[in-house]
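Chemist: Can you read through this structure? Questions will come right after.
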Amino acid sequence: VAVQLTGTGLGTTGLDSVMVVDAPSGFSSCAPSALVSGRAGVCATQVASARVNSTYALLNPSDPLAGTQAFFQVTFQQPGNYCVCYRPNTTAPWTTLLTPLPVAVGVPANYTVRNNTNGTHQLIAVAFPRLAELTPLVDYVKIVPSSLVCSEATPPAWGTAEMPLTTNYDVSFELPQTGTYRVCYRLGNLGSYAPVGPLLSIGADKFSAKLLNGSVVDVASGQRYHLYFSLNTTTPVYLTVSFATNLTAASPEPVWDYDGDESGGFDNVRCVGGICRVRSYGQPLLLWFHVTPRPDLVGAVNFQVLFSAVGYTPLQVTIPKSAVQGLFTASFAQVSPLNLTALVPWVIQYNLGLTGNTTGLVIYALNNTQFTDGLLMSLGPATTWVPASNTTNGSATITRCVAVGAPSSWLKCSIPGFFVASGTQLKVQFRFTPSPVFAGPLGLAFNFTAPNFTTLVDRPSAVALGVVWNLQLQTNCSKYWVLPAQNVSLTYDLMVSAATNLSLTMPSALIKNWVAWSLMTTNSSQGFVGCPAVKSWTQCVINGSRATCSIPLRAVTPSRLVLNFTLDKNATGFHLFELNFSASNFVFPKQSVLLQVSTFDYNVTYAPIPQITAITGCINKGITTTYCSPDGNTPLTLTGSNFMTYGAQVVVGDTICSSVVHDPQTPDNRLVCTGYKQRNTNAWVDGQIVTVTNWVGGPSANSIIILINVVPEVYSVRGCVNSGATTTGCNGSAALTIIGNKFGWNDSSISVLVGSANCSVVIRVNATVLVCPGGSYAGVGSGNTVVVTVQGVASSNQTAAVVSFASTVTPVVQQVTGCKDCSSVNCGLTGVASTLSTVSCNVSGLVPVTITGLLFMPITTVQFTATNYTVPCTALTRISTTTLVCSNYTMPASMTNLPIFLRVNVTSNAVAAPSAEVYISYETACGLSWNLCSGHGSCINNSTCSCISNATVGFWLGTTCERCQAGYYGLNCLSECPGGASNPCSGHGTCSDNLGGTGQCSCQSDSQNGFWTGSSCAQCQSGYYGSTCTTACPCSKTGTASCSDGVLGSGACQCYNDSTHGYWGGSTCQVCANAWGPTCLNSCPGGMANFS
């Protein structure tokens, strides 16, 4: 504010000064009632006001001749009442001017936006209250950036100008840029600009967003939220949708679409970097967002979505009732050796994984009669099991499981407060002792639970084997050295831990026509004393080459088994007689006894008796050979002594060899026999006695049993959901265990057929157990019989061993890799497809692609398909159940010029995998096959793009039509730069064009090219004129009211001619016109009209 003083002798010394002080409270004038030295004492007793911007000011004389006028300038920071103090020199006392100086607000305290809009490029009317202090057409208003202050020197915001207050008490502006601004107001020519009201926010429209019914916001870990929104904007705008980063998984990235079909929709758009870009046309939108919450979250999530756009107030929406259910993963492992007996403590282990943190892990075990001493649980491997509640033992914590439910059907195992971290593998162990009188499947079942977790139910396959004690031949009660046609009696003592039905088989070749058994038991701890007489006999069954006896045994009861049979009258010499004991869920040691059949007369002199020491020719095992063909054509070589030099006879089983050749070098010690085809090839015998008789009639003193056509036996199969000898509900992932007999040796050729498909991997555990690992077999439906083939001989008793496959067994396609992935190229795929697919494959199809997934069984085919096209994989390698490699998938010529994505389809075991967002694409000279010429042109001769150039699709340019033509901008290359595409920015600036351009011109501003302004750079900057805008107006700044500037301007100066600004003249308004003084305000004597 300029404060003018009138009087005499003002400012003549050049040392006069003034001071502004706060007026006393309740004042009526600046003079108090008491005077100090004859002068008012306000200025003598107070200091300069803290509410002004300077303490002292030198008085500026405005009337140097008479000294009657002087002024000083001061800026008041706050309104209020002030007093002015005057001092004629630096040593004189301060004098108080009695007239008070009241300072009002000066400018209006606030404003309103009259037309209720504040977007960019919109006319905004800033209205002020109708105060008496405001003068329309005299007061001025300007808008400045909020980072600057309101002052005379601060220029208006870009794209605006100082504007006078209209008679409607408002001022209208159009702001091209968003941001916050200050509204500055000046009262006519009094003082300078001051801020009015709050900051003005430009571009702050509001969103309207509502979550609709149908949204899925309660999911399992790893699954996606499906958020259905109704969204509205007041203007067309590109809006950004993002999700709370601390709650959102980085992969797979979010996807948005209109139809909610993320898996098969055509309109899916991938949100790059987790940010979704959506175009709104100022009308209501219905949108789906598919986003995955962080997989380690468990329970309520309070998931948040943020909507933002240029010119809009950001809107954060919290999704109500959003939650994630945690998941368990559990793999079963038996820590103790497999197939433990029921008489020792068992320790089983689960490797437990969780998708989230929890302190509420509770495991329920089906209360089982096999838990004879209860059930203990250890969270972590235990070294010493202490049967107490919540006992810490090293790194493990042990608890005893307690009965819950009615009537105590479950055991609850928990350790309150035990923390399990997400992603860790917790080793959970259970210890129990099965019933000592039990043998068979234990029937275990475990339910894993925790708050906000989906319960996992598992039923592990665990079998307790029975125990066999003291199975041995009682030689003192047995008779196995006999004369021809005498009875053989074999007595065995044994005891078993659980009741079972014993099956005893033996070869029948030496037996005349019958075999019988008798069983005795005793409760005496001393066992049997002596050799009690047999009171009754039970006949065994002879079927072909085997005799079979079925004998019931009681649990933990000493038993004596007596076998009685008569040998063939021709069976003389020594015979190794093998007996096979077997029972379900028991393992018996093999038993053999050497039978000797001699003659009556021990004083007769015999011819040299042949001795056989070894037989070779088929699969040799020790002194014998096995798995010989029943056709008898495989040569057998017999080694021994006393074969004589010619004429020996060899008998194999029931057949005399048709050809016996003595070795020329050692005829007495080596024979070769062929032509010993068995009389009944369907009689699957497994023990054929070989004897030699020399030409003098001496039969061999000993014989060796060889194995011809040994038939494997399959008793049961288990591994999935076991029921008797069968297993059901298989999906190919669990290992199959085949239990039987005669499964050869480790070097035997063994195969397993499940239904119509072979197991690709067969593990021989021993002669009674085979394993087909998970993923090595496949099948469909029920009734898939298990057939075991050993050395070319297939089992024939396997009708009960059946595998049934779950009806839902299907392969799963998860990903394809091998060409380029979407992180290295802008593949055009969105959502999960962009992370699971491979693109830009060579059209030859010879670059191997790897397909990963689940349940890829041995019978698997792969095709890559799209509408009207099917590309088969003609070179497929199955690596495992989870990995396939395709190395030949040549692109058909008919596809060359078409944009194609080919879906990966896998058919395994005649079951097709469900459609997955997994694709491949080819690359041509015109770009990717799915996006030829970037979608903005046509491919000519598969080599050159002809780009579109029209007002409908856009004006495109580039090798693959990937950018806008010069002078066009925007995502569709449809918008022309100001001044037109042919002459952007009127030739006087640079346009922000191309896909990411804004269309704004950066105008030239230099002496060579001109000083240009305006949205299209078609106007001269203020103060410049002429067709090139290079000439500055010559006008004086003090005396010039305006200059004829602009492209059509002449540069002529329009001078001030009033009592406020002065009376100026001259070509540049630099001299006074009929006036005098530095401001040309003083008129000449006689008046302006009579100055001459």
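Naming works like this for the structure tokens: A, B, ... for the chains as they're shown, residue 1 at the start of each chain, ligands 1 onward in shown order.
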Per residue of range 835-883 of chain A within 10 Å of range 724-739 of chain A, which atom pair is closest and at what distance in Å (one decimal), using only C-alpha atoms, listed by chain and increasing number, as a Markdown table?

Modeler:
```
| residue | atom | partner | partner_atom | distance |
| --- | --- | --- | --- | --- |
| A:Leu854 | CA | A:Ser733 | CA | 8.9 |
| A:Leu855 | CA | A:Gly732 | CA | 6.7 |
| A:Phe856 | CA | A:Gly732 | CA | 9.0 |
| A:Met857 | CA | A:Gly732 | CA | 7.6 |
| A:Thr881 | CA | A:Ser733 | CA | 8.3 |
```

Chemist: Give me, as number ranges by chain, the residues of range 883-1066 of chain A that a backbone DSSP run labels strand (DSSP E or B).

Modeler: A: 883-886, 902-908, 911-912, 919-924, 927-928, 937-940, 944-947, 949-950, 954-957, 963-964, 968-969, 975-976, 989-991, 994, 1001-1003, 1005-1006, 1010-1013, 1019-1020, 1024-1025, 1031-1032, 1040-1043, 1046, 1053-1055, 1057-1058, 1062-1065

Chemist: Enumerate the residues of range 747-898 of chain A with a DSSP assignment of alpha helix (DSSP H), computed from the backbone, and present them as an NGL selection string.

Modeler: :A and (831-836)

Chemist: With only C-alpha atoms as the basis for distance, which of A:Val488, A:Ile900, A:Leu10, A:Cys886 is at the shortest distance from Asn868 in chain A?

Modeler: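 Ranking A:Val488, A:Ile900, A:Leu10, A:Cys886 by distance to Asn868 in chain A, first place goes to A:Ile900.
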
Chemist: Measure the distance from CA of Ala161 in chain A to CA of Val144 in chain A in Å and round it to one decimal.

Modeler: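 Separating CA of Ala161 in chain A from CA of Val144 in chain A is a distance of 9.6 Å.
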
Chemist: Applying 12 Å and only C-alpha atoms, which residues near Thr455 in chain A remain after dropping the ones on its own chain fewer than 3 positions away? List them as a PyMOL selection string.

Modeler: chain A and resi 220+325-330+354+361-364+446-452+458

Chemist: Please save C-alpha atoms of the selected residues as a JSON list (two decimals), in the first residue's frame.

Modeler:
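Result file follows (out.json):
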```json
[["chain", "number", "residue", "atom", "x", "y", "z"],
["A", 220, "ALA", "CA", -8.67, -70.53, -1.43],
["A", 325, "GLN", "CA", -8.75, -69.74, 2.82],
["A", 326, "GLY", "CA", -5.35, -71.33, 3.45],
["A", 327, "LEU", "CA", -4.39, -74.69, 1.96],
["A", 328, "PHE", "CA", -2.48, -77.66, 3.30],
["A", 329, "THR", "CA", -0.14, -79.91, 1.34],
["A", 330, "ALA", "CA", 0.86, -83.19, 2.93],
["A", 354, "LEU", "CA", 0.87, -74.41, 4.58],
["A", 361, "LEU", "CA", -2.89, -76.21, 13.77],
["A", 362, "VAL", "CA", -5.11, -79.08, 14.93],
["A", 363, "ILE", "CA", -4.86, -82.62, 13.52],
["A", 364, "TYR", "CA", -7.64, -85.14, 14.03],
["A", 446, "PHE", "CA", -5.94, -87.89, 9.44],
["A", 447, "ASN", "CA", -7.74, -84.53, 9.10],
["A", 448, "PHE", "CA", -5.49, -81.44, 9.08],
["A", 449, "THR", "CA", -7.28, -78.27, 10.25],
["A", 450, "ALA", "CA", -6.51, -74.65, 11.21],
["A", 451, "PRO", "CA", -8.57, -71.45, 11.44],
["A", 452, "ASN", "CA", -9.28, -70.07, 7.94],
["A", 458, "ASP", "CA", -5.66, -88.09, 4.09]]
```

Chemist: Skipping near chain neighbours, those fewer than 2 positions away, what residues fall within 8 Å of Leu98 in chain A using only C-alpha atoms, listed as number ranges by chain?

Modeler: A: 29-31, 83, 96, 100

Chemist: Using only C-alpha atoms, which of the listed residues (A:Ser592, A:Thr240, A:Gln486, A:Thr626) sits closest to Arg279 in chain A?

Modeler: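 Of the candidates, the smallest distance to Arg279 in chain A is held by A:Thr240.
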
Chemist: Show which residues sit within 7 Å of Trp1064 in chain A, as a VMD selection string. Count only C-alpha atoms, and ignore same-chain residues fewer than 2 positions away.

Modeler: chain A and resid 1039 1055 to 1057 1062 1069 to 1073 1080

Chemist: Save out the residues we just selected, C-alpha atoms, as a PDB file, in the first residue's frame.

Modeler:
```
ATOM      1  CA  GLY A1039       3.816   5.616 -20.944  1.00  0.00           C
ATOM      2  CA  CYS A1055       0.017   6.195 -25.185  1.00  0.00           C
ATOM      3  CA  TYR A1056      -1.606   6.792 -21.788  1.00  0.00           C
ATOM      4  CA  ASN A1057      -3.540  10.077 -21.557  1.00  0.00           C
ATOM      5  CA  GLY A1062       0.035  10.455 -16.981  1.00  0.00           C
ATOM      6  CA  CYS A1069       5.233   7.146 -25.648  1.00  0.00           C
ATOM      7  CA  GLN A1070       8.477   8.163 -24.009  1.00  0.00           C
ATOM      8  CA  VAL A1071       7.790  11.917 -23.623  1.00  0.00           C
ATOM      9  CA  CYS A1072       5.162  14.008 -21.825  1.00  0.00           C
ATOM     10  CA  ALA A1073       2.332  15.391 -23.877  1.00  0.00           C
ATOM     11  CA  CYS A1080       3.820  13.382 -16.827  1.00  0.00           C
TER      12      CYS A1080
END
```

Chemist: Could you tell me which of A:Ile511, A:Ala801, A:Ala382, A:Leu636 comes closest to Phe577 in chain A if we count only C-alpha atoms?

Modeler: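 Closest to Phe577 in chain A of all the choices is A:Ile511.
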
Chemist: Sorted by chain and rising residue number, which residues of range 699-816 of chain A lie within 12 Å of range 505-508 of chain A, and what are their closest atom pairs and distances in Å to one decimal, counting only C-alpha atoms, as CSV?

Modeler:
```
residue,atom,partner,partner_atom,distance
A:Ile705,CA,A:Pro507,CA,10.4
A:Leu707,CA,A:Pro507,CA,11.4
A:Asn741,CA,A:Thr505,CA,12.0
```

Chemist: Quick one: everything within 9 Å of Ser658 in chain A, counting only C-alpha atoms, minus sequence neighbours fewer than 3 positions away in the same chain. Send it as a list in words.

Modeler: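 Listing them by chain and then by number gives Val650, Thr655, Cys673, Thr674, Gly675 and Tyr676 of chain A.
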
Chemist: For a test of reading the model, state the distance in Å between CA of Ser414 in chain A and CA of Lys427 in chain A, rounded to one decimal.

Modeler: 14.1 Å

Chemist: Quick one: distance from CA of Phe643 in chain A to CA of His575 in chain A in Å, one decimal?

Modeler: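 Computing it gives 19.1 Å between the two atoms.
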
Chemist: Which residue, A:Gln474, A:Ser1016, A:Asn585, A:Gln649, has the smallest gap to Val529 in chain A when you use only C-alpha atoms?

Modeler: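 Nearest to Val529 in chain A: A:Gln474.
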
Chemist: Determine the nearest neighbour of Val107 in chain A from the options A:Gly935, A:Pro1085, A:Pro978, A:Gly197, counting only C-alpha atoms.

Modeler: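 Nearest candidate to Val107 in chain A out of A:Gly935, A:Pro1085, A:Pro978, A:Gly197: A:Gly197.
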
Chemist: Excluding Pro381 in chain A and any residue of its chain fewer than 6 positions from it, enumerate the residues within 8 Å of it, using only C-alpha atoms, and give them as an mmCIF file with all heavy atoms, in the first residue's frame.

Modeler:
```cif
data_model
loop_
_atom_site.group_PDB
_atom_site.id
_atom_site.type_symbol
_atom_site.label_atom_id
_atom_site.label_comp_id
_atom_site.auth_asym_id
_atom_site.auth_seq_id
_atom_site.Cartn_x
_atom_site.Cartn_y
_atom_site.Cartn_z
ATOM 1 N N SER A 395 14.221 -79.864 19.326
ATOM 2 C CA SER A 395 13.482 -78.990 18.424
ATOM 3 C C SER A 395 12.045 -79.451 18.239
ATOM 4 O O SER A 395 11.260 -78.782 17.594
ATOM 5 C CB SER A 395 14.182 -78.958 17.059
ATOM 6 O OG SER A 395 14.193 -80.260 16.495
ATOM 7 N N ALA A 396 11.689 -80.612 18.828
ATOM 8 C CA ALA A 396 10.347 -81.131 18.652
ATOM 9 C C ALA A 396 9.490 -80.804 19.865
ATOM 10 O O ALA A 396 9.985 -80.637 20.970
ATOM 11 C CB ALA A 396 10.392 -82.643 18.441
ATOM 12 N N LYS A 427 7.642 -81.147 9.649
ATOM 13 C CA LYS A 427 7.653 -82.606 9.754
ATOM 14 C C LYS A 427 6.800 -82.997 10.960
ATOM 15 O O LYS A 427 7.195 -82.801 12.107
ATOM 16 C CB LYS A 427 9.083 -83.128 9.886
ATOM 17 C CG LYS A 427 9.942 -82.815 8.669
ATOM 18 C CD LYS A 427 11.330 -83.430 8.777
ATOM 19 C CE LYS A 427 12.218 -83.035 7.587
ATOM 20 N NZ LYS A 427 11.658 -83.450 6.324
ATOM 21 N N VAL A 428 5.628 -83.540 10.676
ATOM 22 C CA VAL A 428 4.698 -83.960 11.716
ATOM 23 C C VAL A 428 4.797 -85.477 11.847
ATOM 24 O O VAL A 428 4.568 -86.207 10.870
ATOM 25 C CB VAL A 428 3.254 -83.548 11.375
ATOM 26 C CG1 VAL A 428 2.307 -83.967 12.480
ATOM 27 C CG2 VAL A 428 3.177 -82.053 11.128
ATOM 28 N N GLN A 429 5.176 -85.949 13.046
ATOM 29 C CA GLN A 429 5.348 -87.377 13.264
ATOM 30 C C GLN A 429 4.289 -87.893 14.242
ATOM 31 O O GLN A 429 3.875 -87.186 15.161
ATOM 32 C CB GLN A 429 6.743 -87.674 13.806
ATOM 33 C CG GLN A 429 7.861 -87.378 12.805
ATOM 34 C CD GLN A 429 9.218 -87.800 13.322
ATOM 35 O OE1 GLN A 429 9.397 -88.080 14.509
ATOM 36 N NE2 GLN A 429 10.189 -87.862 12.431
#
```
